[in-house]
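Trainee: First the structure, which I've put down as structure tokens, then a few questions once you've had a look.
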Amino acid sequence: MLEINNITFGYRKGANVLEDFTLKYEEPGIYGLLGKNGTGKSTLLYLISGLLRPSAGNVTYNGTDVTLRRPEVLEDLFIVPEEYNLPAIPLEKFVSRLKPFYPRFDEELLRRSLESFEMPYDINLGSLSMGQKKKVYMCVALATRTRLLLMDEPTNGLDIPSKSQFRKIVAGNTSEDQTIIISTHQVRDVELLLDHVTMIDKNRILTHSKMDELFSEDEAINLETKFNELLNATK
């Protein structure tokens with residue numbers, strides 16, 4: 001479904017963030033994309049979304065190069081970046097402008113998710129704090145019902161109760177045909193939510209596994225410890 005084929009990308013000449021990097025997402029589920037700061041997690045999400053172009057290789061979604069920006073890809077893909085601005089307009093107007101681009105948009109899901117965050121629907125986006133904007137935008141992202149949803153550091157800026165609510169909202173509203181890729185360095189915020197995990201370090205893939213393959217039944221889930229184990233094993 002999603003194939004990252006031998007991509008190379010750098011923000012300046014001679015300093016590639018990713019080089020001849022290959023990865024495949026072959027089945028739906030909730031994936032964690034984990035690694036230290038500066039290892040290219042955010043860059044990879046932007047490349048997957050087609051917002052960045054690799055200098056070599058390509059990223060394809062259902063066989064189509066994402067950089068072509070085809071309607072059939074754009075309507076089935078949504079990205080929540082770590083930082084963003086929202087227009088100072090009512091949420092209802094924002095949704096009315098967004099809905100035509102996403103055929104599976106679920107307004108009832110949006111309302112339920114907002115309610116879970118104790119956020120009203122009749123709000124003006126310009127009056128919200130950064131934490132509130134994050135909650136609203138993640139609710140909108142889930143409501144698009146795209147089959148590929150990318151989230152970069154989604155729990156940054158959320159308080160502890162909101163982080164817990166985020167996990168519940170995502171777990172309770174993900175359909176069987178969706179792939180959600182969550183990039184984060186705050187591993188403990190999402191580890192119990194994940195079906196699969198990808199760990200990268202300096203252009204290396206440490207693991208790209210199902211959670212039940214990475215941990216035995218009697219082993220406590222601790223992705224931070226597992227990351228360090230895999231990192232040390234490959235030095």
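Letters A, B, ... go to the chains of the structure tokens in the order shown; residues in each chain start at 1; ligands are counted from 1 in the same order.
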Pick out the residues sitting within 12 Å of Lys41 (chain A), and hand them over as a ChimeraX atom specification; count only C-alpha atoms, and ignore anything fewer than 5 positions along from it in its own chain.
Mentor: /A:17-18,32-36,46-48,81-82,150-153,181-185,198-205
Trainee: Neighbouring residues of region 64-69 of chain A were defined as those with any atom within 9 Å, considering only C-alpha atoms; residues of the same chain fewer than 5 positions away were excluded. Please report them as a ChimeraX atom specification.
Mentor: /A:47-53,58-59,74
Trainee: Can those selected residues be exported to a file as a compact mmCIF listing (two decimals), in the first residue's frame so that it contains all heavy atoms?
Mentor:
```txt
# COMPACT_ATOMS: atom_id res chain seq x y z
N LEU A 47 7.82 13.54 3.45
CA LEU A 47 8.09 12.85 2.19
C LEU A 47 6.93 11.91 1.83
O LEU A 47 6.54 11.81 0.67
CB LEU A 47 9.40 12.06 2.29
CG LEU A 47 10.68 12.92 2.29
CD1 LEU A 47 11.85 12.12 2.84
CD2 LEU A 47 11.00 13.41 0.87
N ILE A 48 6.39 11.22 2.83
CA ILE A 48 5.26 10.33 2.59
C ILE A 48 4.05 11.11 2.10
O ILE A 48 3.31 10.67 1.22
CB ILE A 48 4.90 9.56 3.89
CG1 ILE A 48 6.00 8.53 4.21
CG2 ILE A 48 3.56 8.85 3.76
CD1 ILE A 48 5.83 7.87 5.57
N SER A 49 3.85 12.31 2.64
CA SER A 49 2.69 13.12 2.27
C SER A 49 2.87 13.81 0.92
O SER A 49 1.90 14.35 0.37
CB SER A 49 2.41 14.17 3.34
OG SER A 49 3.44 15.15 3.35
N GLY A 50 4.09 13.81 0.39
CA GLY A 50 4.35 14.50 -0.88
C GLY A 50 4.66 15.96 -0.73
O GLY A 50 4.84 16.67 -1.73
N LEU A 51 4.76 16.45 0.51
CA LEU A 51 5.08 17.86 0.73
C LEU A 51 6.57 18.15 0.56
O LEU A 51 6.96 19.29 0.35
CB LEU A 51 4.62 18.29 2.13
CG LEU A 51 3.10 18.27 2.33
CD1 LEU A 51 2.76 18.55 3.79
CD2 LEU A 51 2.42 19.29 1.42
N LEU A 52 7.40 17.12 0.67
CA LEU A 52 8.81 17.20 0.32
C LEU A 52 9.09 16.21 -0.81
O LEU A 52 8.43 15.16 -0.90
CB LEU A 52 9.70 16.86 1.53
CG LEU A 52 9.74 17.85 2.69
CD1 LEU A 52 10.63 17.31 3.80
CD2 LEU A 52 10.21 19.22 2.25
N ARG A 53 10.06 16.52 -1.63
CA ARG A 53 10.43 15.65 -2.75
C ARG A 53 11.83 15.09 -2.53
O ARG A 53 12.77 15.85 -2.29
CB ARG A 53 10.41 16.43 -4.08
CG ARG A 53 9.02 16.88 -4.50
CD ARG A 53 9.09 17.80 -5.71
NE ARG A 53 7.75 18.16 -6.17
CZ ARG A 53 7.12 17.54 -7.16
NH1 ARG A 53 7.72 16.55 -7.80
NH2 ARG A 53 5.91 17.92 -7.50
N ASN A 58 11.56 7.22 -4.63
CA ASN A 58 10.19 7.74 -4.61
C ASN A 58 9.38 7.11 -3.49
O ASN A 58 9.78 6.12 -2.88
CB ASN A 58 9.50 7.51 -5.96
CG ASN A 58 9.40 6.04 -6.34
OD1 ASN A 58 9.21 5.17 -5.50
ND2 ASN A 58 9.52 5.75 -7.63
N VAL A 59 8.25 7.74 -3.22
CA VAL A 59 7.27 7.21 -2.28
C VAL A 59 5.98 7.00 -3.06
O VAL A 59 5.49 7.93 -3.73
CB VAL A 59 7.02 8.18 -1.11
CG1 VAL A 59 5.96 7.60 -0.16
CG2 VAL A 59 8.31 8.47 -0.36
N LEU A 74 -4.60 12.53 -2.57
CA LEU A 74 -4.81 13.63 -1.63
C LEU A 74 -6.08 13.46 -0.82
O LEU A 74 -6.13 13.85 0.36
CB LEU A 74 -4.84 14.95 -2.39
CG LEU A 74 -3.54 15.37 -3.08
CD1 LEU A 74 -3.74 16.68 -3.83
CD2 LEU A 74 -2.41 15.49 -2.07
```
Trainee: One decimal, in Å: what's the spacing between CA of Asn62 (chain A) and CA of Glu19 (chain A)?
Mentor: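 Rounded to one decimal, the two atoms are 22.9 Å apart.
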Trainee: Could you tell me how far CA of Gly57 (chain A) lies from CA of Asn6 (chain A), in Å and to one decimal?
Mentor: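 So the two atoms, CA of Gly57 (chain A) and CA of Asn6 (chain A), lie 4.8 Å apart.
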Trainee: If we count only C-alpha atoms and set the cut-off at 7 Å, which residues sit around region 85-89 of chain A, ignoring sequence neighbours fewer than 2 positions away in its own chain? Please answer as a ChimeraX atom specification.
Mentor: /A:91,93-94,124-126
